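Written out below as structure tokens is the structure these notes cover.
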Amino acid sequence: MTDGAGIQSAASESERYPPPAAFVADAHIKSQEEYERQHQRSIKDPEGFWGEIAADFHFFRKWDRVLEWNRPFAKWFVGGTTNASYNCLDLQIERGRGDSTAILWEGEPCDAAGNPKEIKRLSYRQLLQEVCVFANTLKKLGVEKGDRVTIYLPMVPELAIAMLACARIGAPHSVIFGGFSAQAIVDRLEDARSRVIITADGGFRRGGIVPLKANVDEACGMTDLVKTVVVLRRCENDVPMVAGRDVWWHDQVKGASDTCEPEQLDSEHMLFLLYTSGSTGKPKGILHTTAGYMIHTAYTSKLIFDLKPDDTYWCTADIGWITGHSYIVYGPLQNGVTTLMYEGAPNHPDWDRFWAICDRHAVTKFYTAPTAIRAFMRQGAAYPEKHDLSKLKLLGTVGEPINPAAWKWYHEIIGGRRCPIVDTWWQTETGGILISPLPGITDTKPGSATRPFFGIDAAVVDKDGSEMGPNENGLLVIRRPWPGMLRGIYGDEKRFHKEYWSEIEGVYFTGDGARCDQDGYFWLTGRVDDVIKVSGHRLGTAEVESALVSHPKVAEAAVVGFPDEITGEAIAAFVTLRGGETPDPGIIDVLKKHVAKQLSAIARPKDIRFSDALPKTRSGKIMRRLLRELATKGRVEGDTSTLEDFSTIANLRGNTEE
Ligand code: WT7
């Protein structure tokens, strides 16, 4: 952990954007006083506050207690039983949403005129039927309550269907992002002890086919854990089927009933695992449970995106990340809106695909990542200007800090200056949004996620836990439990304690640096641990390092992040070759490809440098700070007094690439 404390920021954050009057008129929360009152109450009396919110949800058995807090273990809605799929589907139908569109899906492939070849609409009633059919199919395949089901699918409606089917029968899902490769699948399968994996022949991406089934086959060659592979036919590419193990989705669902009683699950029943990167090479299975997660995602969706029944809401994330879990599937569906899913790339067939989709489907709320906004900005305003974006009412961002220039472009070019922007701060671990504007009341400041949501006690502190003054940089912590918080790291209680609850005494440590200004607005300054955010995707330096050293020519590797104009951060790798070999011309490309193959294309280093040795302290610790300086500025200015061998620095400086 680096120490971000004590530096006074030269913040030029006087610019404020009040909520547009037309938006305020219709907003769920429109008075500042109401926010202050509710927020104070939610902190002073969290049980009273969340108990009232929870009354809007369906419980088969009401909870006995709202919160049981034995730090760091929280239980929410203790003693209650509920079901997330019931709240997403059956309850919406009971409330009269049965015939409205739940999922509006657009596939990637287009015809010569640039029109999508496939659009699907599933009403809440149809979605419930599909979910029940697949839930019954899973049962028939032997899946029982508590079994972890791995899902490795493209962005197709069946992905949401599979998740909700798992939720219906109480089988926790573990979704793996389709961009991960075989080794990453094996690590996650084994950690979750998952025997069933749901995949597809392939997925369409940027005009090509992602070989999902082939990756699963390769993964299954490395572990004998998997007994059943359910294969969805999507691309009709040829895939070999292993007898006794592989079955087709469309064969298995034949004859399955379209009704399935939802399991009455304990509030704290595991809803899903989602693997994310931390400071070691091993990804951690972030564990989320049922009732608290459900209520947190539903309530934040409602107030932050100001959801109304007639909204067509589009979050452009992949469901393989937490953003997609919480704000494509669980949050929006519990609000009865139409949630849009798009299968493919933002630049297929051209850079206006997102704007064409917004136009075609009259999208009203749009949620994306800063990295995407910067990429669009670079392509120019002509692309969005080709389309009618006037139905948009609200814009959102997530995943990394947004630079004010990108914020303003988004506000002006996409939002036509009439849409509030919600810059939402949260994490895989937090389950849902913790810091964000409320669009009807918050004056936004470009680059700030503004203020904590109801029930969230956020603070900026130093390493000892003392609160920093206004505009002083420090570490972001959360001092009280919240409903959507992680309940643990699957199978690793020690690591749960160590990574989140021991860095700073008595509070949840986020891993982020931040400062809080004189108005109580939070400004996030990036990770202070060994996590890198490339295009908003989270990667651990150690994961990339172990991918590098798995190449036979590599003796040692160290990886750091450095600023990049589009992707926010990019990866620089410092590599020592075996036997002091001198790098041959092709090696850089070979190693980049190797990392993409081992881990994921998103983990490809942008910059690779070679040296006979890496800079280390006398105790043998790699000095990442020096490497970060080298990658960022091309030289080292800081203190090198603990460096074991100074010549390694001189060495590294010499051979930069790209
Ligand atoms: C990390 C969590 C939250 C869903 C997507 C990412 C960074 C996230 C913001 C924001 C500045 C942000 C933080 C955080 N982050 N949102 N609005 N402003 N930074 O989830 O992969 O778990 O990553 O993303 O560094 O710790 P994740």
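Chain labels A, B, ... are given in the sequence in which chains occur in the structure tokens; within each chain residues are numbered consecutively from 1, and ligands are likewise numbered from 1 in the order shown.
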Which residues come within 12 Å of A:Gly207, counting only C-alpha atoms, excluding same-chain residues fewer than 5 positions away, as number ranges by chain?
A: 107-111, 235, 343-350
Distance filter 8 Å around ligand 1, atoms: only C-alpha atoms and all ligand atoms, out as a ChimeraX atom specification:
/A:276-277,321-323,397-402,423-430,432-433,435-436,447-449,510-512,523-527,533,536-538
Any chance you could list, as a VMD selection string, the residues in stretch 181-230 of chain A that come up strand (DSSP E or B) when DSSP is run on the backbone?
chain A and resid 196 to 200 203 to 205 208 to 210 228 to 230
Mind checking which residues fall within 6 Å of stretch 116-124 of chain A, counting only C-alpha atoms, ignoring those fewer than 6 positions away in the same chain, and posting them as number ranges by chain?
A: 98-107, 109-110
Contact residues around A:Glu556 with only C-alpha atoms at 10 Å, ignoring same-chain residues under 2 positions, as an MDAnalysis selection string:
chainID A and resid 545:546 548:550 553:554 558 574:578 611:614
DSSP-assigned alpha helix (DSSP H) members of stretch 2-97 of chain A, reported as JSON, numbers by chain:
{"A": [21, 22, 23, 24, 25, 32, 33, 34, 35, 36, 37, 38, 39, 40, 41, 42, 43, 44, 46, 47, 48, 49, 50, 51, 52, 53, 54, 84, 85, 91, 92]}
Could you write out that same residue set with N, CA and C atoms as a compact mmCIF listing (two decimals), in the first residue's frame?
```
# COMPACT_ATOMS: atom_id res chain seq x y z
N ALA A 21 -33.57 21.81 -14.64
CA ALA A 21 -34.90 22.01 -14.04
C ALA A 21 -35.92 21.00 -14.56
N ALA A 22 -35.87 20.71 -15.86
CA ALA A 22 -36.85 19.79 -16.44
C ALA A 22 -36.70 18.41 -15.83
N PHE A 23 -35.47 18.05 -15.50
CA PHE A 23 -35.23 16.74 -14.91
C PHE A 23 -35.75 16.69 -13.47
N VAL A 24 -35.48 17.77 -12.74
CA VAL A 24 -35.85 17.83 -11.32
C VAL A 24 -37.35 17.64 -11.14
N ALA A 25 -38.11 18.28 -12.02
CA ALA A 25 -39.57 18.28 -11.88
C ALA A 25 -40.12 16.87 -11.69
N GLN A 32 -33.06 18.81 -1.60
CA GLN A 32 -31.79 18.67 -0.90
C GLN A 32 -32.05 18.35 0.58
N GLU A 33 -33.06 18.99 1.14
CA GLU A 33 -33.38 18.77 2.56
C GLU A 33 -33.76 17.31 2.79
N GLU A 34 -34.50 16.77 1.81
CA GLU A 34 -34.92 15.38 1.94
C GLU A 34 -33.70 14.46 1.96
N TYR A 35 -32.74 14.76 1.08
CA TYR A 35 -31.52 13.95 1.06
C TYR A 35 -30.81 14.03 2.40
N GLU A 36 -30.62 15.25 2.90
CA GLU A 36 -29.88 15.44 4.16
C GLU A 36 -30.58 14.68 5.30
N ARG A 37 -31.89 14.84 5.35
CA ARG A 37 -32.65 14.21 6.42
C ARG A 37 -32.56 12.68 6.33
N GLN A 38 -32.79 12.17 5.12
CA GLN A 38 -32.77 10.72 4.91
C GLN A 38 -31.38 10.16 5.15
N HIS A 39 -30.36 10.91 4.68
CA HIS A 39 -29.00 10.40 4.82
C HIS A 39 -28.64 10.32 6.30
N GLN A 40 -28.96 11.36 7.04
CA GLN A 40 -28.66 11.34 8.48
C GLN A 40 -29.37 10.19 9.17
N ARG A 41 -30.63 10.03 8.81
CA ARG A 41 -31.39 8.94 9.43
C ARG A 41 -30.76 7.58 9.07
N SER A 42 -30.38 7.42 7.80
CA SER A 42 -29.84 6.13 7.34
C SER A 42 -28.55 5.78 8.06
N ILE A 43 -27.81 6.80 8.50
CA ILE A 43 -26.56 6.54 9.22
C ILE A 43 -26.84 6.29 10.70
N LYS A 44 -27.75 7.08 11.26
CA LYS A 44 -28.05 6.95 12.69
C LYS A 44 -28.86 5.71 12.99
N PRO A 46 -29.66 2.74 10.76
CA PRO A 46 -29.66 1.95 9.53
C PRO A 46 -30.74 0.87 9.53
N GLU A 47 -30.99 0.30 10.68
CA GLU A 47 -31.99 -0.78 10.71
C GLU A 47 -33.38 -0.26 10.39
N GLY A 48 -33.72 0.89 10.98
CA GLY A 48 -35.02 1.49 10.69
C GLY A 48 -35.12 1.87 9.22
N PHE A 49 -34.04 2.48 8.73
CA PHE A 49 -34.04 2.96 7.35
C PHE A 49 -34.19 1.80 6.36
N TRP A 50 -33.29 0.81 6.45
CA TRP A 50 -33.31 -0.28 5.46
C TRP A 50 -34.51 -1.20 5.65
N GLY A 51 -34.99 -1.29 6.87
CA GLY A 51 -36.19 -2.07 7.12
C GLY A 51 -37.38 -1.52 6.35
N GLU A 52 -37.49 -0.19 6.31
CA GLU A 52 -38.58 0.44 5.56
C GLU A 52 -38.42 0.22 4.05
N ILE A 53 -37.19 0.36 3.58
CA ILE A 53 -36.94 0.14 2.14
C ILE A 53 -37.32 -1.30 1.77
N ALA A 54 -36.94 -2.23 2.63
CA ALA A 54 -37.13 -3.66 2.32
C ALA A 54 -38.60 -4.05 2.27
N ALA A 84 -34.21 -13.89 -5.38
CA ALA A 84 -33.90 -12.75 -6.26
C ALA A 84 -34.65 -12.86 -7.60
N SER A 85 -34.77 -14.06 -8.14
CA SER A 85 -35.47 -14.18 -9.43
C SER A 85 -36.95 -13.84 -9.25
N LEU A 91 -42.68 -10.79 -9.12
CA LEU A 91 -43.19 -9.60 -8.45
C LEU A 91 -43.51 -8.49 -9.45
N GLN A 92 -42.69 -8.38 -10.49
CA GLN A 92 -42.95 -7.36 -11.52
C GLN A 92 -44.24 -7.67 -12.27
```
Compile the contact shell of A:Pro211 as JSON, numbers by chain: residues with an atom at most 9 Å away, counting only C-alpha atoms, same-chain residues fewer than 4 positions apart removed.
{"A": [200, 201, 202, 203, 215, 216, 237]}
Would you list the contacts of A:Arg374 as a PyMOL selection string, taking every protein, DNA or RNA residue within 9 Å and counting only C-alpha atoms, but skipping same-chain residues closer than 3 positions in sequence?
chain A and resi 369-371+377-379+405-406+409+565-567
Could the residues in this selection be saved with C-alpha atoms as a compact mmCIF listing (two decimals), in the first residue's frame?
```
# COMPACT_ATOMS: atom_id res chain seq x y z
CA ALA A 369 -17.25 3.76 -18.84
CA PRO A 370 -14.92 6.78 -19.09
CA THR A 371 -12.57 4.83 -21.33
CA MET A 377 -14.25 11.60 -28.20
CA ARG A 378 -11.19 10.74 -30.24
CA GLN A 379 -13.41 9.57 -33.14
CA ALA A 405 -12.61 17.03 -20.53
CA ALA A 406 -14.32 13.69 -21.20
CA TRP A 409 -17.80 16.14 -23.98
CA GLU A 565 -4.93 8.85 -22.68
CA ILE A 566 -7.67 6.43 -23.73
CA THR A 567 -7.48 3.41 -21.44
```
Residues near A:Pro446, anyone? I mean within 8 Å using only C-alpha atoms, not counting same-chain ones fewer than 4 positions away, as a PDB file with all heavy atoms, in the first residue's frame.
```pdb
ATOM      1  N   GLU A  13     -11.879  22.902  -8.599  1.00  0.00           N
ATOM      2  CA  GLU A  13     -13.156  22.232  -8.752  1.00  0.00           C
ATOM      3  C   GLU A  13     -14.326  23.140  -8.419  1.00  0.00           C
ATOM      4  O   GLU A  13     -15.260  22.769  -7.758  1.00  0.00           O
ATOM      5  CB  GLU A  13     -13.184  20.981  -7.886  1.00  0.00           C
ATOM      6  CG  GLU A  13     -12.693  21.191  -6.498  1.00  0.00           C
ATOM      7  CD  GLU A  13     -11.646  20.145  -6.109  1.00  0.00           C
ATOM      8  OE1 GLU A  13     -10.994  19.591  -6.988  1.00  0.00           O
ATOM      9  OE2 GLU A  13     -11.505  19.903  -4.908  1.00  0.00           O
ATOM     10  N   GLU A  15     -16.222  24.534 -10.668  1.00  0.00           N
ATOM     11  CA  GLU A  15     -17.291  24.409 -11.652  1.00  0.00           C
ATOM     12  C   GLU A  15     -18.404  23.494 -11.178  1.00  0.00           C
ATOM     13  O   GLU A  15     -18.153  22.371 -10.782  1.00  0.00           O
ATOM     14  CB  GLU A  15     -16.706  23.794 -12.924  1.00  0.00           C
ATOM     15  CG  GLU A  15     -16.691  24.720 -14.081  1.00  0.00           C
ATOM     16  CD  GLU A  15     -16.167  23.990 -15.294  1.00  0.00           C
ATOM     17  OE1 GLU A  15     -15.139  23.311 -15.176  1.00  0.00           O
ATOM     18  OE2 GLU A  15     -16.807  24.100 -16.341  1.00  0.00           O
ATOM     19  N   ARG A  16     -19.616  23.961 -11.253  1.00  0.00           N
ATOM     20  CA  ARG A  16     -20.748  23.153 -10.800  1.00  0.00           C
ATOM     21  C   ARG A  16     -21.835  23.116 -11.848  1.00  0.00           C
ATOM     22  O   ARG A  16     -22.095  24.106 -12.521  1.00  0.00           O
ATOM     23  CB  ARG A  16     -21.344  23.766  -9.527  1.00  0.00           C
ATOM     24  CG  ARG A  16     -20.417  23.785  -8.346  1.00  0.00           C
ATOM     25  CD  ARG A  16     -21.066  24.540  -7.202  1.00  0.00           C
ATOM     26  NE  ARG A  16     -21.970  23.656  -6.478  1.00  0.00           N
ATOM     27  CZ  ARG A  16     -21.706  23.210  -5.252  1.00  0.00           C
ATOM     28  NH1 ARG A  16     -20.604  23.567  -4.630  1.00  0.00           N
ATOM     29  NH2 ARG A  16     -22.554  22.422  -4.640  1.00  0.00           N
ATOM     30  N   ILE A 402     -13.212   9.869 -14.115  1.00  0.00           N
ATOM     31  CA  ILE A 402     -13.413  10.483 -15.434  1.00  0.00           C
ATOM     32  C   ILE A 402     -12.745  11.855 -15.435  1.00  0.00           C
ATOM     33  O   ILE A 402     -12.940  12.650 -14.504  1.00  0.00           O
ATOM     34  CB  ILE A 402     -14.909  10.562 -15.840  1.00  0.00           C
ATOM     35  CG1 ILE A 402     -15.057  11.181 -17.229  1.00  0.00           C
ATOM     36  CG2 ILE A 402     -15.759  11.300 -14.795  1.00  0.00           C
ATOM     37  CD1 ILE A 402     -16.409  10.934 -17.877  1.00  0.00           C
ATOM     38  N   ASN A 403     -11.966  12.106 -16.463  1.00  0.00           N
ATOM     39  CA  ASN A 403     -11.297  13.407 -16.562  1.00  0.00           C
ATOM     40  C   ASN A 403     -12.323  14.449 -16.998  1.00  0.00           C
ATOM     41  O   ASN A 403     -13.223  14.158 -17.795  1.00  0.00           O
ATOM     42  CB  ASN A 403     -10.120  13.332 -17.541  1.00  0.00           C
ATOM     43  CG  ASN A 403     -10.497  12.662 -18.845  1.00  0.00           C
ATOM     44  OD1 ASN A 403     -11.084  11.593 -18.847  1.00  0.00           O
ATOM     45  ND2 ASN A 403     -10.201  13.311 -19.959  1.00  0.00           N
ATOM     46  N   PRO A 404     -12.213  15.666 -16.465  1.00  0.00           N
ATOM     47  CA  PRO A 404     -13.213  16.698 -16.765  1.00  0.00           C
ATOM     48  C   PRO A 404     -13.448  16.924 -18.254  1.00  0.00           C
ATOM     49  O   PRO A 404     -14.587  17.162 -18.665  1.00  0.00           O
ATOM     50  CB  PRO A 404     -12.637  17.934 -16.079  1.00  0.00           C
ATOM     51  CG  PRO A 404     -11.887  17.379 -14.904  1.00  0.00           C
ATOM     52  CD  PRO A 404     -11.289  16.091 -15.407  1.00  0.00           C
ATOM     53  N   TRP A 407     -15.800  14.293 -19.378  1.00  0.00           N
ATOM     54  CA  TRP A 407     -17.098  14.573 -18.729  1.00  0.00           C
ATOM     55  C   TRP A 407     -17.866  15.618 -19.524  1.00  0.00           C
ATOM     56  O   TRP A 407     -19.051  15.468 -19.824  1.00  0.00           O
ATOM     57  CB  TRP A 407     -16.835  15.050 -17.298  1.00  0.00           C
ATOM     58  CG  TRP A 407     -18.007  15.067 -16.356  1.00  0.00           C
ATOM     59  CD1 TRP A 407     -18.276  14.160 -15.381  1.00  0.00           C
ATOM     60  CD2 TRP A 407     -19.051  16.060 -16.265  1.00  0.00           C
ATOM     61  NE1 TRP A 407     -19.414  14.506 -14.691  1.00  0.00           N
ATOM     62  CE2 TRP A 407     -19.917  15.668 -15.215  1.00  0.00           C
ATOM     63  CE3 TRP A 407     -19.347  17.241 -16.967  1.00  0.00           C
ATOM     64  CZ2 TRP A 407     -21.036  16.401 -14.835  1.00  0.00           C
ATOM     65  CZ3 TRP A 407     -20.486  17.970 -16.599  1.00  0.00           C
ATOM     66  CH2 TRP A 407     -21.312  17.550 -15.546  1.00  0.00           C
ATOM     67  N   LYS A 408     -17.157  16.684 -19.894  1.00  0.00           N
ATOM     68  CA  LYS A 408     -17.821  17.801 -20.583  1.00  0.00           C
ATOM     69  C   LYS A 408     -18.254  17.414 -21.991  1.00  0.00           C
ATOM     70  O   LYS A 408     -19.309  17.837 -22.461  1.00  0.00           O
ATOM     71  CB  LYS A 408     -16.895  19.018 -20.618  1.00  0.00           C
ATOM     72  CG  LYS A 408     -16.799  19.663 -19.240  1.00  0.00           C
ATOM     73  CD  LYS A 408     -15.844  20.825 -19.233  1.00  0.00           C
ATOM     74  CE  LYS A 408     -15.518  21.192 -17.795  1.00  0.00           C
ATOM     75  NZ  LYS A 408     -14.364  22.093 -17.728  1.00  0.00           N
TER      76      LYS A 408
END
```
Which of these, A:Gly455, A:Gly415, A:Pro563, A:Gly513, has the shortest distance to A:Pro20 once you count only C-alpha atoms?
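Of the candidates, the smallest distance to A:Pro20 is held by A:Gly415.
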